[in-house]
Amino acid sequence: MPVEINQKFFNDIYAVVARIPAGKVASYGQIGSMAGYPGSAREVGYAMAHAPAKRKLPCHRVVNSQGTLAPEPVFGGQARQRAMLEEEGITFYMDGRIHMERHTWSEYEQLSFF
DNA sequence: CGCCTGACAGACT
DNA sequence: TAGTCTGCCAGGC
């Protein structure tokens, strides 16, 4: 069994990120809280930066609370990340920020009531 | 064990 | 609204 990420923190973070559905986004802080580590937004970002490709995590759906995209070097540029999100149905404001109020992911939305 | 770094967040000016 | 400062907490040295 390969070594990879043994840290429970990272594993828990990745588990939550993997559950983000297409067409939805979640902030770093939100992911941290849902994984059981409130106030660890920066660690979530660190985890994404070291996320092994094998996990196939939708890290492009994890954005900061302001709705702005990751730095240029990530995802091959913000335009690239934006394109991926738009393909999933995410909409943006004129200034380039994500329409957070409309796309932020809520666990409850996973429950099918109808 | 101490100090710096970071794909953040929220408060403050 | 934008720019700056401080708090977070694990990882790397």
# chains A, B, ... in the order shown; residues from 1 in each chain; ligands from 1
call {"tool": "select_by_dssp", "arguments": {"residues": "range 43-106 of chain A", "states": "strand (DSSP E or B)", "output": "JSON, numbers by chain"}}
result
{"A": [62, 63, 92, 98, 104]}
call {"tool": "residues_around", "arguments": {"residues": "DC13 in chain C", "least_positions_apart": "2", "cutoff": "12 Å", "atoms": "only C-alpha atoms (C1' of nucleotides)", "output": "PDB file with N, CA, C and O atoms (P, O5', C5', C4', C3', O3' and C1' of nucleotides), in the first residue's frame"}}
result
ATOM      1  P    DG B   2       9.594  26.696  22.019  1.00  0.00           P
ATOM      2  O5'  DG B   2      10.217  27.599  20.864  1.00  0.00           O
ATOM      3  C5'  DG B   2      11.568  28.018  20.957  1.00  0.00           C
ATOM      4  C4'  DG B   2      11.958  28.709  19.652  1.00  0.00           C
ATOM      5  C3'  DG B   2      10.978  29.802  19.247  1.00  0.00           C
ATOM      6  O3'  DG B   2      11.704  30.887  18.686  1.00  0.00           O
ATOM      7  C1'  DG B   2      11.054  28.142  17.562  1.00  0.00           C
ATOM      8  P    DC B   3      10.902  32.169  18.126  1.00  0.00           P
ATOM      9  O5'  DC B   3      10.944  31.859  16.577  1.00  0.00           O
ATOM     10  C5'  DC B   3      12.208  31.755  15.910  1.00  0.00           C
ATOM     11  C4'  DC B   3      12.002  31.772  14.401  1.00  0.00           C
ATOM     12  C3'  DC B   3      10.962  32.795  13.960  1.00  0.00           C
ATOM     13  O3'  DC B   3      11.381  33.405  12.749  1.00  0.00           O
ATOM     14  C1'  DC B   3      10.277  30.644  13.288  1.00  0.00           C
ATOM     15  P    DC B   4      10.462  34.568  12.094  1.00  0.00           P
ATOM     16  O5'  DC B   4      10.055  33.883  10.733  1.00  0.00           O
ATOM     17  C5'  DC B   4      11.074  33.308   9.914  1.00  0.00           C
ATOM     18  C4'  DC B   4      10.446  32.558   8.755  1.00  0.00           C
ATOM     19  C3'  DC B   4       9.384  33.365   8.000  1.00  0.00           C
ATOM     20  O3'  DC B   4       9.583  33.188   6.600  1.00  0.00           O
ATOM     21  C1'  DC B   4       8.481  31.301   8.707  1.00  0.00           C
ATOM     22  P    DT B   5       8.667  34.013   5.578  1.00  0.00           P
ATOM     23  O5'  DT B   5       7.684  32.877   5.063  1.00  0.00           O
ATOM     24  C5'  DT B   5       8.244  31.730   4.434  1.00  0.00           C
ATOM     25  C4'  DT B   5       7.143  30.807   3.958  1.00  0.00           C
ATOM     26  C3'  DT B   5       5.998  31.533   3.250  1.00  0.00           C
ATOM     27  O3'  DT B   5       5.698  30.881   2.026  1.00  0.00           O
ATOM     28  C1'  DT B   5       5.147  30.154   4.988  1.00  0.00           C
TER      29       DT B   5
ATOM     30  P    DG C  11       0.365  18.451   9.260  1.00  0.00           P
ATOM     31  O5'  DG C  11       1.418  19.281   8.382  1.00  0.00           O
ATOM     32  C5'  DG C  11       0.995  19.785   7.114  1.00  0.00           C
ATOM     33  C4'  DG C  11       2.161  20.394   6.369  1.00  0.00           C
ATOM     34  C3'  DG C  11       3.428  19.555   6.410  1.00  0.00           C
ATOM     35  O3'  DG C  11       4.067  19.666   5.148  1.00  0.00           O
ATOM     36  C1'  DG C  11       3.846  21.659   7.398  1.00  0.00           C
TER      37       DG C  11
END
call {"tool": "interface_residues", "arguments": {"of": "chain C", "to": "chain A", "cutoff": "7 Å", "atoms": "only C-alpha atoms (C1' of nucleotides)", "output": "list in words"}}
result
DC8, DC9 and DA10 of chain C
call {"tool": "write_last_selection", "arguments": {"atoms": "all heavy atoms", "output": "PDB file, in the first residue's frame"}}
result
ATOM      1  P    DC C   8      -6.579  33.310  17.094  1.00  0.00           P
ATOM      2  OP1  DC C   8      -7.482  33.197  18.216  1.00  0.00           O
ATOM      3  OP2  DC C   8      -5.103  33.292  17.331  1.00  0.00           O
ATOM      4  O5'  DC C   8      -6.943  32.130  16.089  1.00  0.00           O
ATOM      5  C5'  DC C   8      -6.683  32.280  14.759  1.00  0.00           C
ATOM      6  C4'  DC C   8      -7.188  31.137  13.928  1.00  0.00           C
ATOM      7  O4'  DC C   8      -6.899  31.481  12.582  1.00  0.00           O
ATOM      8  C3'  DC C   8      -6.450  29.849  14.259  1.00  0.00           C
ATOM      9  O3'  DC C   8      -7.305  28.769  14.536  1.00  0.00           O
ATOM     10  C2'  DC C   8      -5.620  29.557  13.003  1.00  0.00           C
ATOM     11  C1'  DC C   8      -5.867  30.679  12.048  1.00  0.00           C
ATOM     12  N1   DC C   8      -4.653  31.519  11.852  1.00  0.00           N
ATOM     13  C2   DC C   8      -4.181  31.738  10.563  1.00  0.00           C
ATOM     14  O2   DC C   8      -4.811  31.238   9.628  1.00  0.00           O
ATOM     15  N3   DC C   8      -3.060  32.469  10.392  1.00  0.00           N
ATOM     16  C4   DC C   8      -2.415  32.994  11.447  1.00  0.00           C
ATOM     17  N4   DC C   8      -1.326  33.717  11.226  1.00  0.00           N
ATOM     18  C5   DC C   8      -2.895  32.791  12.770  1.00  0.00           C
ATOM     19  C6   DC C   8      -4.008  32.054  12.933  1.00  0.00           C
ATOM     20  P    DC C   9      -6.789  27.733  15.635  1.00  0.00           P
ATOM     21  OP1  DC C   9      -7.971  26.981  16.103  1.00  0.00           O
ATOM     22  OP2  DC C   9      -5.896  28.396  16.617  1.00  0.00           O
ATOM     23  O5'  DC C   9      -5.895  26.755  14.750  1.00  0.00           O
ATOM     24  C5'  DC C   9      -6.468  26.097  13.640  1.00  0.00           C
ATOM     25  C4'  DC C   9      -5.383  25.389  12.839  1.00  0.00           C
ATOM     26  O4'  DC C   9      -4.601  26.348  12.106  1.00  0.00           O
ATOM     27  C3'  DC C   9      -4.395  24.640  13.734  1.00  0.00           C
ATOM     28  O3'  DC C   9      -4.016  23.441  13.083  1.00  0.00           O
ATOM     29  C2'  DC C   9      -3.212  25.569  13.775  1.00  0.00           C
ATOM     30  C1'  DC C   9      -3.231  26.106  12.374  1.00  0.00           C
ATOM     31  N1   DC C   9      -2.471  27.349  12.126  1.00  0.00           N
ATOM     32  C2   DC C   9      -1.941  27.543  10.845  1.00  0.00           C
ATOM     33  O2   DC C   9      -2.159  26.705   9.978  1.00  0.00           O
ATOM     34  N3   DC C   9      -1.205  28.649  10.616  1.00  0.00           N
ATOM     35  C4   DC C   9      -1.006  29.541  11.595  1.00  0.00           C
ATOM     36  N4   DC C   9      -0.270  30.603  11.316  1.00  0.00           N
ATOM     37  C5   DC C   9      -1.563  29.362  12.897  1.00  0.00           C
ATOM     38  C6   DC C   9      -2.291  28.261  13.108  1.00  0.00           C
ATOM     39  P    DA C  10      -3.331  22.268  13.874  1.00  0.00           P
ATOM     40  OP1  DA C  10      -4.394  21.387  14.345  1.00  0.00           O
ATOM     41  OP2  DA C  10      -2.340  22.824  14.816  1.00  0.00           O
ATOM     42  O5'  DA C  10      -2.533  21.522  12.712  1.00  0.00           O
ATOM     43  C5'  DA C  10      -3.265  21.028  11.607  1.00  0.00           C
ATOM     44  C4'  DA C  10      -2.376  20.976  10.373  1.00  0.00           C
ATOM     45  O4'  DA C  10      -1.922  22.307  10.060  1.00  0.00           O
ATOM     46  C3'  DA C  10      -1.129  20.125  10.565  1.00  0.00           C
ATOM     47  O3'  DA C  10      -0.850  19.438   9.347  1.00  0.00           O
ATOM     48  C2'  DA C  10      -0.055  21.146  10.878  1.00  0.00           C
ATOM     49  C1'  DA C  10      -0.497  22.350  10.065  1.00  0.00           C
ATOM     50  N9   DA C  10      -0.087  23.617  10.649  1.00  0.00           N
ATOM     51  C8   DA C  10      -0.284  24.053  11.932  1.00  0.00           C
ATOM     52  N7   DA C  10       0.223  25.237  12.175  1.00  0.00           N
ATOM     53  C5   DA C  10       0.778  25.606  10.959  1.00  0.00           C
ATOM     54  C6   DA C  10       1.466  26.756  10.555  1.00  0.00           C
ATOM     55  N6   DA C  10       1.735  27.785  11.353  1.00  0.00           N
ATOM     56  N1   DA C  10       1.887  26.819   9.278  1.00  0.00           N
ATOM     57  C2   DA C  10       1.625  25.795   8.472  1.00  0.00           C
ATOM     58  N3   DA C  10       0.990  24.661   8.729  1.00  0.00           N
ATOM     59  C4   DA C  10       0.583  24.625  10.012  1.00  0.00           C
TER      60       DA C  10
END
call {"tool": "residues_around", "arguments": {"residues": "range 86-93 of chain A", "least_positions_apart": "2", "cutoff": "7 Å", "atoms": "only C-alpha atoms (C1' of nucleotides)", "output": "NGL selection string"}}
result
:A and (22-24 or 82-84 or 95-99 or 103)
call {"tool": "interface_residues", "arguments": {"of": "chain B", "to": "chain A", "cutoff": "7 Å", "atoms": "only C-alpha atoms (C1' of nucleotides)", "output": "list in words"}}
result
DG6, DA7 and DC8 of chain B
call {"tool": "write_last_selection", "arguments": {"atoms": "N, CA and C atoms (P, O5', C5', C4', C3', O3' and C1' of nucleotides)", "output": "JSON list (two decimals), in the first residue's frame"}}
result
[["chain", "number", "residue", "atom", "x", "y", "z"],
["B", 6, "DG", "P", 4.86, 31.61, 0.93],
["B", 6, "DG", "O5'", 3.43, 30.89, 1.09],
["B", 6, "DG", "C5'", 3.31, 29.50, 0.83],
["B", 6, "DG", "C4'", 1.90, 29.06, 1.13],
["B", 6, "DG", "C3'", 0.85, 30.03, 0.57],
["B", 6, "DG", "O3'", -0.21, 29.33, -0.10],
["B", 6, "DG", "C1'", 0.55, 29.69, 2.91],
["B", 7, "DA", "P", -0.01, 29.42, -1.72],
["B", 7, "DA", "O5'", -1.47, 29.23, -2.28],
["B", 7, "DA", "C5'", -2.13, 30.31, -2.94],
["B", 7, "DA", "C4'", -3.59, 29.98, -3.06],
["B", 7, "DA", "C3'", -4.22, 29.46, -1.77],
["B", 7, "DA", "O3'", -5.46, 30.10, -1.56],
["B", 7, "DA", "C1'", -4.66, 27.96, -3.54],
["B", 8, "DC", "P", -5.42, 31.51, -0.72],
["B", 8, "DC", "O5'", -6.30, 31.17, 0.56],
["B", 8, "DC", "C5'", -7.17, 30.07, 0.60],
["B", 8, "DC", "C4'", -8.07, 30.23, 1.81],
["B", 8, "DC", "C3'", -9.13, 31.31, 1.66],
["B", 8, "DC", "O3'", -10.37, 30.86, 2.24],
["B", 8, "DC", "C1'", -7.80, 31.78, 3.54]]
call {"tool": "residues_around", "arguments": {"residues": "range 3-6 of chain C", "least_positions_apart": "3", "cutoff": "9 Å", "atoms": "only C-alpha atoms (C1' of nucleotides)", "output": "JSON, numbers by chain"}}
result
{"B": [11, 12, 13]}
call {"tool": "write_last_selection", "arguments": {"atoms": "C-alpha atoms (C1' of nucleotides)", "output": "tab-separated table (two decimals), in the first residue's frame"}}
result
chain	number	residue	atom	x	y	z
B	11	DA	C1'	-12.29	42.91	10.77
B	12	DC	C1'	-10.65	47.45	10.20
B	13	DT	C1'	-9.21	51.97	8.03
call {"tool": "select_by_dssp", "arguments": {"residues": "range 1-106 of chain A", "states": "helix (DSSP H, G or I)", "output": "PyMOL selection string"}}
result
chain A and resi 8-17+28-35+41-49+53-55+59-61+74-76+78-87+100-103
call {"tool": "closest_residue", "arguments": {"among": "A:Met94, A:Ala15, A:Met100, A:Leu57", "to": "Gly36 in chain A", "atoms": "only C-alpha atoms"}}
result
A:Ala15
call {"tool": "decode", "arguments": {"residues": "chain C", "atoms": "N, CA and C atoms (P, O5', C5', C4', C3', O3' and C1' of nucleotides)", "output": "PDB file, in the first residue's frame"}}
result
ATOM      1  P    DT C   1     -19.457  47.916  -2.913  1.00  0.00           P
ATOM      2  O5'  DT C   1     -17.993  48.464  -3.254  1.00  0.00           O
ATOM      3  C5'  DT C   1     -17.787  49.322  -4.359  1.00  0.00           C
ATOM      4  C4'  DT C   1     -16.306  49.538  -4.511  1.00  0.00           C
ATOM      5  C3'  DT C   1     -15.547  48.219  -4.492  1.00  0.00           C
ATOM      6  O3'  DT C   1     -14.491  48.281  -5.441  1.00  0.00           O
ATOM      7  C1'  DT C   1     -14.866  49.571  -2.655  1.00  0.00           C
ATOM      8  P    DA C   2     -13.406  47.061  -5.440  1.00  0.00           P
ATOM      9  O5'  DA C   2     -12.095  47.697  -4.784  1.00  0.00           O
ATOM     10  C5'  DA C   2     -11.712  49.026  -5.121  1.00  0.00           C
ATOM     11  C4'  DA C   2     -10.475  49.418  -4.317  1.00  0.00           C
ATOM     12  C3'  DA C   2      -9.427  48.307  -4.284  1.00  0.00           C
ATOM     13  O3'  DA C   2      -8.135  48.890  -4.378  1.00  0.00           O
ATOM     14  C1'  DA C   2     -10.120  48.822  -2.076  1.00  0.00           C
ATOM     15  P    DG C   3      -6.850  47.928  -4.540  1.00  0.00           P
ATOM     16  O5'  DG C   3      -6.115  48.168  -3.141  1.00  0.00           O
ATOM     17  C5'  DG C   3      -5.799  49.491  -2.738  1.00  0.00           C
ATOM     18  C4'  DG C   3      -5.303  49.499  -1.289  1.00  0.00           C
ATOM     19  C3'  DG C   3      -4.233  48.432  -1.030  1.00  0.00           C
ATOM     20  O3'  DG C   3      -3.186  49.003  -0.248  1.00  0.00           O
ATOM     21  C1'  DG C   3      -6.060  48.154   0.486  1.00  0.00           C
ATOM     22  P    DT C   4      -2.022  48.081   0.308  1.00  0.00           P
ATOM     23  O5'  DT C   4      -2.455  47.810   1.837  1.00  0.00           O
ATOM     24  C5'  DT C   4      -2.829  48.895   2.652  1.00  0.00           C
ATOM     25  C4'  DT C   4      -2.932  48.472   4.106  1.00  0.00           C
ATOM     26  C3'  DT C   4      -1.851  47.491   4.559  1.00  0.00           C
ATOM     27  O3'  DT C   4      -1.379  47.886   5.849  1.00  0.00           O
ATOM     28  C1'  DT C   4      -3.998  46.579   4.982  1.00  0.00           C
ATOM     29  P    DC C   5      -0.377  46.977   6.704  1.00  0.00           P
ATOM     30  O5'  DC C   5      -1.390  46.230   7.670  1.00  0.00           O
ATOM     31  C5'  DC C   5      -2.273  46.994   8.475  1.00  0.00           C
ATOM     32  C4'  DC C   5      -2.824  46.168   9.616  1.00  0.00           C
ATOM     33  C3'  DC C   5      -1.805  45.205  10.226  1.00  0.00           C
ATOM     34  O3'  DC C   5      -2.002  45.158  11.643  1.00  0.00           O
ATOM     35  C1'  DC C   5      -3.623  43.976   9.331  1.00  0.00           C
ATOM     36  P    DT C   6      -1.117  44.180  12.543  1.00  0.00           P
ATOM     37  O5'  DT C   6      -2.154  43.004  12.850  1.00  0.00           O
ATOM     38  C5'  DT C   6      -3.458  43.343  13.309  1.00  0.00           C
ATOM     39  C4'  DT C   6      -4.253  42.089  13.629  1.00  0.00           C
ATOM     40  C3'  DT C   6      -3.431  41.006  14.334  1.00  0.00           C
ATOM     41  O3'  DT C   6      -4.245  40.414  15.349  1.00  0.00           O
ATOM     42  C1'  DT C   6      -4.338  40.139  12.332  1.00  0.00           C
ATOM     43  P    DG C   7      -3.605  39.222  16.239  1.00  0.00           P
ATOM     44  O5'  DG C   7      -4.503  37.973  15.821  1.00  0.00           O
ATOM     45  C5'  DG C   7      -5.922  38.116  15.842  1.00  0.00           C
ATOM     46  C4'  DG C   7      -6.569  36.842  15.328  1.00  0.00           C
ATOM     47  C3'  DG C   7      -5.935  35.577  15.914  1.00  0.00           C
ATOM     48  O3'  DG C   7      -6.959  34.644  16.250  1.00  0.00           O
ATOM     49  C1'  DG C   7      -5.827  35.500  13.560  1.00  0.00           C
ATOM     50  P    DC C   8      -6.579  33.310  17.094  1.00  0.00           P
ATOM     51  O5'  DC C   8      -6.943  32.130  16.089  1.00  0.00           O
ATOM     52  C5'  DC C   8      -6.683  32.280  14.759  1.00  0.00           C
ATOM     53  C4'  DC C   8      -7.188  31.137  13.928  1.00  0.00           C
ATOM     54  C3'  DC C   8      -6.450  29.849  14.259  1.00  0.00           C
ATOM     55  O3'  DC C   8      -7.305  28.769  14.536  1.00  0.00           O
ATOM     56  C1'  DC C   8      -5.867  30.679  12.048  1.00  0.00           C
ATOM     57  P    DC C   9      -6.789  27.733  15.635  1.00  0.00           P
ATOM     58  O5'  DC C   9      -5.895  26.755  14.750  1.00  0.00           O
ATOM     59  C5'  DC C   9      -6.468  26.097  13.640  1.00  0.00           C
ATOM     60  C4'  DC C   9      -5.383  25.389  12.839  1.00  0.00           C
ATOM     61  C3'  DC C   9      -4.395  24.640  13.734  1.00  0.00           C
ATOM     62  O3'  DC C   9      -4.016  23.441  13.083  1.00  0.00           O
ATOM     63  C1'  DC C   9      -3.231  26.106  12.374  1.00  0.00           C
ATOM     64  P    DA C  10      -3.331  22.268  13.874  1.00  0.00           P
ATOM     65  O5'  DA C  10      -2.533  21.522  12.712  1.00  0.00           O
ATOM     66  C5'  DA C  10      -3.265  21.028  11.607  1.00  0.00           C
ATOM     67  C4'  DA C  10      -2.376  20.976  10.373  1.00  0.00           C
ATOM     68  C3'  DA C  10      -1.129  20.125  10.565  1.00  0.00           C
ATOM     69  O3'  DA C  10      -0.850  19.438   9.347  1.00  0.00           O
ATOM     70  C1'  DA C  10      -0.497  22.350  10.065  1.00  0.00           C
ATOM     71  P    DG C  11       0.365  18.451   9.260  1.00  0.00           P
ATOM     72  O5'  DG C  11       1.418  19.281   8.382  1.00  0.00           O
ATOM     73  C5'  DG C  11       0.995  19.785   7.114  1.00  0.00           C
ATOM     74  C4'  DG C  11       2.161  20.394   6.369  1.00  0.00           C
ATOM     75  C3'  DG C  11       3.428  19.555   6.410  1.00  0.00           C
ATOM     76  O3'  DG C  11       4.067  19.666   5.148  1.00  0.00           O
ATOM     77  C1'  DG C  11       3.846  21.659   7.398  1.00  0.00           C
ATOM     78  P    DG C  12       5.382  18.778   4.836  1.00  0.00           P
ATOM     79  O5'  DG C  12       6.537  19.883   5.000  1.00  0.00           O
ATOM     80  C5'  DG C  12       6.530  21.022   4.132  1.00  0.00           C
ATOM     81  C4'  DG C  12       7.770  21.867   4.373  1.00  0.00           C
ATOM     82  C3'  DG C  12       9.042  21.029   4.509  1.00  0.00           C
ATOM     83  O3'  DG C  12      10.085  21.703   3.806  1.00  0.00           O
ATOM     84  C1'  DG C  12       8.723  22.368   6.449  1.00  0.00           C
ATOM     85  P    DC C  13      11.544  20.932   3.706  1.00  0.00           P
ATOM     86  O5'  DC C  13      12.421  21.785   4.729  1.00  0.00           O
ATOM     87  C5'  DC C  13      11.958  23.051   5.142  1.00  0.00           C
ATOM     88  C4'  DC C  13      13.079  23.868   5.754  1.00  0.00           C
ATOM     89  C3'  DC C  13      14.390  23.144   6.017  1.00  0.00           C
ATOM     90  O3'  DC C  13      15.458  24.078   5.987  1.00  0.00           O
ATOM     91  C1'  DC C  13      13.376  23.675   8.098  1.00  0.00           C
TER      92       DC C  13
END
